[in-house]
Amino acid sequence: MEKAHGPRALVTAATGKFYSNGLDLDWLFAHADQHLDYVVSVHALFARLLALPVVTVAALQGHTFAAGAMFSLAHDFRVMRAERGFWCLPEADIDIPFTPGMSALIQSRLTPRTAHEAMVTARRYGGHDALAAGIVDHAVDEDAVRTTAVALAQPLAAKAGDTLATIRARMYAPALAALRDTVNPLG
């Protein structure tokens, strides 16, 4: 997608009850010797999406938790199911601190007040609350999540390219630097 030319956009979607529950903690705890490499690869995914030279939209049809919520924040826009499902950063409840890169991503995409509340309290936001807090851009009926996301992306597809890449690189420079730090990604 980075090297393609012409109008293009990216909509990510899932099916079922979950958009994403984030990292596979069972696997991570069973493979503690690979923890650092795993975090670096997750950070690289967030950075790649945040810097992608195309407009991106996350279609959140279900629960969006932890690293899944952070992945959604790396998108330009988020469309969430209004009547069911939660968006949540549960790290305060599960005793896992945010890495510097994760903190930088969250704080670059949410208002200071919302970032503080979401990170410190592990609040679960339903669709309407997530919209009111500025976490998502649209809260819609279940059957409209994906179509709304595509409709949001379509007219912006012509903006893809080098100029958008430069805008993103400058706009998110601190978050991208923190996410790309492979020397000390855990702080």
# chains A, B, ... in the order shown; residues from 1 in each chain; ligands from 1
>>> residues_around(residues="region 84-91 of chain A", least_positions_apart="3", cutoff="7 Å", atoms="only C-alpha atoms", output="number ranges by chain")
A: 62-66, 69, 81, 94-97, 118-119, 122-127
>>> write_last_selection(atoms="N, CA, C and O atoms", output="PDB file, in the first residue's frame")
ATOM      1  N   GLY A  62     -17.200  -4.396  17.007  1.00  0.00           N
ATOM      2  CA  GLY A  62     -17.265  -5.109  18.279  1.00  0.00           C
ATOM      3  C   GLY A  62     -16.259  -4.564  19.262  1.00  0.00           C
ATOM      4  O   GLY A  62     -15.664  -3.505  19.052  1.00  0.00           O
ATOM      5  N   HIS A  63     -16.041  -5.301  20.335  1.00  0.00           N
ATOM      6  CA  HIS A  63     -15.131  -4.876  21.395  1.00  0.00           C
ATOM      7  C   HIS A  63     -13.751  -4.550  20.834  1.00  0.00           C
ATOM      8  O   HIS A  63     -13.204  -5.287  20.013  1.00  0.00           O
ATOM      9  N   THR A  64     -13.205  -3.446  21.335  1.00  0.00           N
ATOM     10  CA  THR A  64     -11.899  -2.963  20.892  1.00  0.00           C
ATOM     11  C   THR A  64     -11.116  -2.617  22.147  1.00  0.00           C
ATOM     12  O   THR A  64     -11.354  -1.580  22.773  1.00  0.00           O
ATOM     13  N   PHE A  65     -10.192  -3.499  22.539  1.00  0.00           N
ATOM     14  CA  PHE A  65      -9.511  -3.382  23.822  1.00  0.00           C
ATOM     15  C   PHE A  65      -7.999  -3.319  23.649  1.00  0.00           C
ATOM     16  O   PHE A  65      -7.441  -3.880  22.708  1.00  0.00           O
ATOM     17  N   ALA A  66      -7.334  -2.693  24.616  1.00  0.00           N
ATOM     18  CA  ALA A  66      -5.888  -2.717  24.797  1.00  0.00           C
ATOM     19  C   ALA A  66      -5.168  -2.359  23.496  1.00  0.00           C
ATOM     20  O   ALA A  66      -5.422  -1.306  22.923  1.00  0.00           O
ATOM     21  N   ALA A  69      -7.338  -1.318  20.757  1.00  0.00           N
ATOM     22  CA  ALA A  69      -7.774   0.079  20.841  1.00  0.00           C
ATOM     23  C   ALA A  69      -6.671   1.001  20.338  1.00  0.00           C
ATOM     24  O   ALA A  69      -6.938   1.983  19.635  1.00  0.00           O
ATOM     25  N   ARG A  81     -19.736   0.763  16.364  1.00  0.00           N
ATOM     26  CA  ARG A  81     -21.115   0.322  16.587  1.00  0.00           C
ATOM     27  C   ARG A  81     -21.668   1.072  17.794  1.00  0.00           C
ATOM     28  O   ARG A  81     -21.061   1.078  18.869  1.00  0.00           O
ATOM     29  N   ILE A  94      -5.171  -4.434  34.392  1.00  0.00           N
ATOM     30  CA  ILE A  94      -4.467  -5.701  34.217  1.00  0.00           C
ATOM     31  C   ILE A  94      -2.991  -5.590  34.587  1.00  0.00           C
ATOM     32  O   ILE A  94      -2.219  -6.518  34.344  1.00  0.00           O
ATOM     33  N   ASP A  95      -2.617  -4.460  35.154  1.00  0.00           N
ATOM     34  CA  ASP A  95      -1.275  -4.255  35.710  1.00  0.00           C
ATOM     35  C   ASP A  95      -0.168  -4.377  34.661  1.00  0.00           C
ATOM     36  O   ASP A  95       0.864  -4.997  34.894  1.00  0.00           O
ATOM     37  N   ILE A  96      -0.416  -3.788  33.500  1.00  0.00           N
ATOM     38  CA  ILE A  96       0.587  -3.738  32.436  1.00  0.00           C
ATOM     39  C   ILE A  96       0.741  -2.274  32.029  1.00  0.00           C
ATOM     40  O   ILE A  96      -0.182  -1.692  31.455  1.00  0.00           O
ATOM     41  N   PRO A  97       1.888  -1.658  32.326  1.00  0.00           N
ATOM     42  CA  PRO A  97       2.059  -0.249  31.978  1.00  0.00           C
ATOM     43  C   PRO A  97       2.187  -0.055  30.463  1.00  0.00           C
ATOM     44  O   PRO A  97       2.640  -0.945  29.745  1.00  0.00           O
ATOM     45  N   ALA A 118      -8.960   7.597  29.853  1.00  0.00           N
ATOM     46  CA  ALA A 118      -8.885   6.250  29.267  1.00  0.00           C
ATOM     47  C   ALA A 118      -7.696   5.467  29.808  1.00  0.00           C
ATOM     48  O   ALA A 118      -7.817   4.276  30.114  1.00  0.00           O
ATOM     49  N   MET A 119      -6.557   6.125  29.969  1.00  0.00           N
ATOM     50  CA  MET A 119      -5.341   5.433  30.405  1.00  0.00           C
ATOM     51  C   MET A 119      -5.330   5.159  31.907  1.00  0.00           C
ATOM     52  O   MET A 119      -4.882   4.106  32.346  1.00  0.00           O
ATOM     53  N   ALA A 122      -9.108   3.046  32.943  1.00  0.00           N
ATOM     54  CA  ALA A 122      -9.490   1.850  32.183  1.00  0.00           C
ATOM     55  C   ALA A 122     -10.991   1.828  31.890  1.00  0.00           C
ATOM     56  O   ALA A 122     -11.610   0.769  31.801  1.00  0.00           O
ATOM     57  N   ARG A 123     -11.559   3.013  31.714  1.00  0.00           N
ATOM     58  CA  ARG A 123     -12.987   3.119  31.431  1.00  0.00           C
ATOM     59  C   ARG A 123     -13.349   2.391  30.145  1.00  0.00           C
ATOM     60  O   ARG A 123     -12.625   2.428  29.162  1.00  0.00           O
ATOM     61  N   ARG A 124     -14.493   1.729  30.175  1.00  0.00           N
ATOM     62  CA  ARG A 124     -15.051   1.086  28.983  1.00  0.00           C
ATOM     63  C   ARG A 124     -16.034   2.073  28.355  1.00  0.00           C
ATOM     64  O   ARG A 124     -17.057   2.402  28.959  1.00  0.00           O
ATOM     65  N   TYR A 125     -15.747   2.484  27.152  1.00  0.00           N
ATOM     66  CA  TYR A 125     -16.599   3.438  26.438  1.00  0.00           C
ATOM     67  C   TYR A 125     -17.494   2.692  25.466  1.00  0.00           C
ATOM     68  O   TYR A 125     -17.002   1.987  24.583  1.00  0.00           O
ATOM     69  N   GLY A 126     -18.801   2.854  25.611  1.00  0.00           N
ATOM     70  CA  GLY A 126     -19.732   2.379  24.598  1.00  0.00           C
ATOM     71  C   GLY A 126     -19.671   3.332  23.410  1.00  0.00           C
ATOM     72  O   GLY A 126     -19.008   4.372  23.460  1.00  0.00           O
ATOM     73  N   GLY A 127     -20.359   3.003  22.357  1.00  0.00           N
ATOM     74  CA  GLY A 127     -20.298   3.806  21.136  1.00  0.00           C
ATOM     75  C   GLY A 127     -20.632   5.265  21.315  1.00  0.00           C
ATOM     76  O   GLY A 127     -19.891   6.142  20.857  1.00  0.00           O
TER      77      GLY A 127
END
>>> select_by_dssp(residues="region 9-171 of chain A", states="alpha helix (DSSP H)", output="VMD selection string")
chain A and resid 25 to 30 35 to 51 66 to 73 91 to 94 100 to 109 112 to 121 127 to 132 145 to 153 162 to 171
>>> closest_residue(among="A:Ala165, A:Ala149, A:Ile106, A:Ala67", to="Asp137 (chain A)", atoms="only C-alpha atoms")
A:Ala149
>>> select_by_dssp(residues="region 22-124 of chain A", states="strand (DSSP E or B)", output="number ranges by chain")
A: 55-60, 63-65, 77-81, 87-88, 124
>>> write_last_selection(atoms="all heavy atoms", output="short mmCIF file (atom, residue, chain, number, x, y, z; two decimals), in the first residue's frame")
data_model
loop_
_atom_site.label_atom_id
_atom_site.label_comp_id
_atom_site.auth_asym_id
_atom_site.auth_seq_id
_atom_site.Cartn_x
_atom_site.Cartn_y
_atom_site.Cartn_z
N VAL A 55 -5.39 7.51 3.53
CA VAL A 55 -6.38 7.71 4.59
C VAL A 55 -6.82 6.34 5.09
O VAL A 55 -7.05 5.42 4.31
CB VAL A 55 -7.57 8.53 4.07
CG1 VAL A 55 -8.72 8.54 5.07
CG2 VAL A 55 -7.12 9.96 3.75
N THR A 56 -6.91 6.21 6.42
CA THR A 56 -7.27 4.94 7.05
C THR A 56 -8.49 5.10 7.95
O THR A 56 -8.63 6.12 8.63
CB THR A 56 -6.08 4.39 7.87
OG1 THR A 56 -5.73 5.35 8.87
CG2 THR A 56 -4.88 4.11 6.99
N VAL A 57 -9.33 4.09 7.93
CA VAL A 57 -10.55 4.10 8.74
C VAL A 57 -10.70 2.74 9.40
O VAL A 57 -10.61 1.71 8.73
CB VAL A 57 -11.81 4.41 7.89
CG1 VAL A 57 -13.05 4.51 8.78
CG2 VAL A 57 -11.63 5.70 7.08
N ALA A 58 -10.94 2.72 10.70
CA ALA A 58 -11.20 1.48 11.43
C ALA A 58 -12.71 1.33 11.60
O ALA A 58 -13.38 2.24 12.10
CB ALA A 58 -10.53 1.51 12.80
N ALA A 59 -13.24 0.20 11.18
CA ALA A 59 -14.66 -0.12 11.32
C ALA A 59 -14.82 -1.02 12.54
O ALA A 59 -14.60 -2.22 12.47
CB ALA A 59 -15.18 -0.80 10.06
N LEU A 60 -15.16 -0.44 13.68
CA LEU A 60 -15.19 -1.13 14.97
C LEU A 60 -16.58 -1.70 15.23
O LEU A 60 -17.41 -1.07 15.87
CB LEU A 60 -14.78 -0.17 16.09
CG LEU A 60 -13.51 0.65 15.86
CD1 LEU A 60 -13.27 1.63 17.00
CD2 LEU A 60 -12.33 -0.28 15.66
N HIS A 63 -16.04 -5.30 20.33
CA HIS A 63 -15.13 -4.88 21.40
C HIS A 63 -13.75 -4.55 20.83
O HIS A 63 -13.20 -5.29 20.01
CB HIS A 63 -14.99 -5.96 22.45
CG HIS A 63 -16.26 -6.29 23.17
ND1 HIS A 63 -17.02 -5.33 23.82
CD2 HIS A 63 -16.90 -7.47 23.34
CE1 HIS A 63 -18.08 -5.91 24.37
NE2 HIS A 63 -18.03 -7.21 24.09
N THR A 64 -13.21 -3.45 21.33
CA THR A 64 -11.90 -2.96 20.89
C THR A 64 -11.12 -2.62 22.15
O THR A 64 -11.35 -1.58 22.77
CB THR A 64 -12.08 -1.73 19.97
OG1 THR A 64 -12.98 -2.08 18.91
CG2 THR A 64 -10.76 -1.28 19.40
N PHE A 65 -10.19 -3.50 22.54
CA PHE A 65 -9.51 -3.38 23.82
C PHE A 65 -8.00 -3.32 23.65
O PHE A 65 -7.44 -3.88 22.71
CB PHE A 65 -9.85 -4.58 24.71
CG PHE A 65 -11.14 -4.45 25.45
CD1 PHE A 65 -12.34 -4.41 24.78
CD2 PHE A 65 -11.15 -4.36 26.84
CE1 PHE A 65 -13.54 -4.30 25.47
CE2 PHE A 65 -12.34 -4.25 27.54
CZ PHE A 65 -13.54 -4.21 26.85
N PHE A 77 -9.51 7.73 11.16
CA PHE A 77 -10.89 7.81 11.61
C PHE A 77 -11.34 6.46 12.15
O PHE A 77 -10.83 5.42 11.77
CB PHE A 77 -11.82 8.22 10.45
CG PHE A 77 -11.41 9.50 9.79
CD1 PHE A 77 -10.71 9.48 8.59
CD2 PHE A 77 -11.70 10.72 10.37
CE1 PHE A 77 -10.32 10.66 7.98
CE2 PHE A 77 -11.32 11.91 9.77
CZ PHE A 77 -10.62 11.88 8.57
N ARG A 78 -12.33 6.53 13.05
CA ARG A 78 -12.91 5.33 13.63
C ARG A 78 -14.44 5.42 13.58
O ARG A 78 -15.00 6.45 13.94
CB ARG A 78 -12.45 5.15 15.09
CG ARG A 78 -11.01 4.66 15.18
CD ARG A 78 -10.33 5.07 16.46
NE ARG A 78 -10.29 6.51 16.68
CZ ARG A 78 -9.53 7.37 15.98
NH1 ARG A 78 -8.76 6.94 15.02
NH2 ARG A 78 -9.55 8.66 16.24
N VAL A 79 -15.05 4.34 13.12
CA VAL A 79 -16.51 4.22 13.10
C VAL A 79 -16.84 3.07 14.03
O VAL A 79 -16.34 1.96 13.86
CB VAL A 79 -17.05 3.94 11.68
CG1 VAL A 79 -18.57 3.75 11.72
CG2 VAL A 79 -16.65 5.05 10.72
N MET A 80 -17.69 3.33 15.04
CA MET A 80 -17.99 2.31 16.04
C MET A 80 -19.47 1.98 16.08
O MET A 80 -20.31 2.86 15.86
CB MET A 80 -17.54 2.82 17.42
CG MET A 80 -17.69 1.83 18.55
SD MET A 80 -16.94 2.50 20.07
CE MET A 80 -17.34 1.19 21.21
N ARG A 81 -19.74 0.76 16.36
CA ARG A 81 -21.11 0.32 16.59
C ARG A 81 -21.67 1.07 17.79
O ARG A 81 -21.06 1.08 18.87
CB ARG A 81 -21.11 -1.19 16.83
CG ARG A 81 -22.46 -1.79 16.98
CD ARG A 81 -22.32 -3.29 17.08
NE ARG A 81 -23.60 -3.89 17.43
CZ ARG A 81 -23.77 -5.17 17.62
NH1 ARG A 81 -22.75 -6.00 17.49
NH2 ARG A 81 -24.95 -5.65 17.93
N TRP A 87 -14.94 0.20 23.74
CA TRP A 87 -13.58 0.60 23.41
C TRP A 87 -12.91 0.86 24.76
O TRP A 87 -13.45 1.61 25.58
CB TRP A 87 -13.58 1.87 22.56
CG TRP A 87 -12.26 2.29 22.03
CD1 TRP A 87 -11.76 2.05 20.80
CD2 TRP A 87 -11.25 3.04 22.73
NE1 TRP A 87 -10.50 2.58 20.68
CE2 TRP A 87 -10.17 3.20 21.86
CE3 TRP A 87 -11.16 3.58 24.01
CZ2 TRP A 87 -9.00 3.89 22.22
CZ3 TRP A 87 -10.01 4.26 24.38
CH2 TRP A 87 -8.95 4.41 23.48
N CYS A 88 -11.75 0.23 25.02
CA CYS A 88 -11.16 0.32 26.36
C CYS A 88 -9.65 0.11 26.32
O CYS A 88 -9.14 -0.73 25.58
CB CYS A 88 -11.79 -0.74 27.25
SG CYS A 88 -11.17 -0.80 28.93
N ARG A 124 -14.49 1.73 30.17
CA ARG A 124 -15.05 1.09 28.98
C ARG A 124 -16.03 2.07 28.36
O ARG A 124 -17.06 2.40 28.96
CB ARG A 124 -15.78 -0.20 29.36
CG ARG A 124 -14.85 -1.27 29.84
CD ARG A 124 -15.64 -2.50 30.27
NE ARG A 124 -14.73 -3.52 30.70
CZ ARG A 124 -14.90 -4.81 30.50
NH1 ARG A 124 -15.99 -5.24 29.88
NH2 ARG A 124 -14.00 -5.67 30.91
#
>>> residues_around(residues="Ala44 (chain A)", least_positions_apart="6", cutoff="10 Å", atoms="only C-alpha atoms", output="PyMOL selection string")
chain A and resi 38+50+101+176+179-182
>>> write_last_selection(atoms="all heavy atoms", output="short mmCIF file (atom, residue, chain, number, x, y, z; two decimals), in the first residue's frame")
data_model
loop_
_atom_site.label_atom_id
_atom_site.label_comp_id
_atom_site.auth_asym_id
_atom_site.auth_seq_id
_atom_site.Cartn_x
_atom_site.Cartn_y
_atom_site.Cartn_z
N TYR A 38 8.58 -8.96 20.52
CA TYR A 38 7.13 -8.87 20.31
C TYR A 38 6.67 -7.41 20.42
O TYR A 38 5.95 -6.91 19.55
CB TYR A 38 6.42 -9.75 21.33
CG TYR A 38 4.95 -9.95 21.12
CD1 TYR A 38 4.46 -10.62 20.01
CD2 TYR A 38 4.03 -9.50 22.07
CE1 TYR A 38 3.10 -10.84 19.83
CE2 TYR A 38 2.67 -9.72 21.90
CZ TYR A 38 2.21 -10.38 20.77
OH TYR A 38 0.87 -10.58 20.60
N LEU A 50 0.22 4.45 11.33
CA LEU A 50 0.18 5.89 11.60
C LEU A 50 0.85 6.69 10.49
O LEU A 50 0.42 7.80 10.18
CB LEU A 50 0.84 6.18 12.95
CG LEU A 50 0.71 7.59 13.52
CD1 LEU A 50 -0.75 7.93 13.78
CD2 LEU A 50 1.52 7.70 14.81
N GLY A 101 6.13 4.29 23.60
CA GLY A 101 5.54 4.40 22.28
C GLY A 101 4.02 4.34 22.31
O GLY A 101 3.34 5.10 21.62
N LEU A 176 5.90 8.71 16.37
CA LEU A 176 6.60 7.80 15.47
C LEU A 176 8.00 7.48 15.99
O LEU A 176 8.45 6.33 15.94
CB LEU A 176 6.65 8.36 14.05
CG LEU A 176 5.30 8.36 13.32
CD1 LEU A 176 5.38 9.21 12.06
CD2 LEU A 176 4.87 6.93 12.99
N LEU A 179 7.62 5.04 18.85
CA LEU A 179 7.21 3.72 18.37
C LEU A 179 8.33 3.00 17.61
O LEU A 179 8.39 1.78 17.59
CB LEU A 179 5.98 3.83 17.47
CG LEU A 179 4.68 4.16 18.18
CD1 LEU A 179 3.59 4.56 17.16
CD2 LEU A 179 4.21 2.99 19.05
N ARG A 180 9.21 3.76 17.01
CA ARG A 180 10.31 3.17 16.23
C ARG A 180 11.58 2.96 17.05
O ARG A 180 12.58 2.51 16.51
CB ARG A 180 10.59 4.04 15.02
CG ARG A 180 9.44 3.99 14.00
CD ARG A 180 9.65 4.95 12.87
NE ARG A 180 8.64 4.77 11.84
CZ ARG A 180 8.24 5.75 11.02
NH1 ARG A 180 8.80 6.97 11.11
NH2 ARG A 180 7.33 5.53 10.11
N ASP A 181 11.55 3.27 18.33
CA ASP A 181 12.71 3.09 19.19
C ASP A 181 12.90 1.59 19.48
O ASP A 181 12.15 1.00 20.23
CB ASP A 181 12.52 3.85 20.50
CG ASP A 181 13.65 3.68 21.49
OD1 ASP A 181 14.65 2.99 21.17
OD2 ASP A 181 13.55 4.23 22.60
N THR A 182 13.92 1.02 18.87
CA THR A 182 14.20 -0.41 19.10
C THR A 182 15.29 -0.61 20.16
O THR A 182 15.52 -1.75 20.57
CB THR A 182 14.62 -1.10 17.78
OG1 THR A 182 15.80 -0.44 17.28
CG2 THR A 182 13.50 -1.05 16.76
#
>>> closest_residue(among="A:Leu36, A:Phe18, A:Val54, A:Gln107", to="Ala160 (chain A)", atoms="only C-alpha atoms")
A:Val54
>>> closest_residue(among="A:Met70, A:Leu186, A:Ala157, A:Val145", to="Asn21 (chain A)", atoms="only C-alpha atoms")
A:Met70
>>> closest_residue(among="A:Tyr19, A:Ala115, A:Ala82, A:Gly6", to="Ala144 (chain A)", atoms="only C-alpha atoms")
A:Ala82
>>> residues_around(residues="Thr114 (chain A)", least_positions_apart="6", cutoff="9 Å", atoms="only C-alpha atoms", output="VMD selection string")
chain A and resid 107 133 to 135
>>> atom_distance(atom1="CA of Leu110 (chain A)", atom2="CA of Val136 (chain A)")
9.7 Å
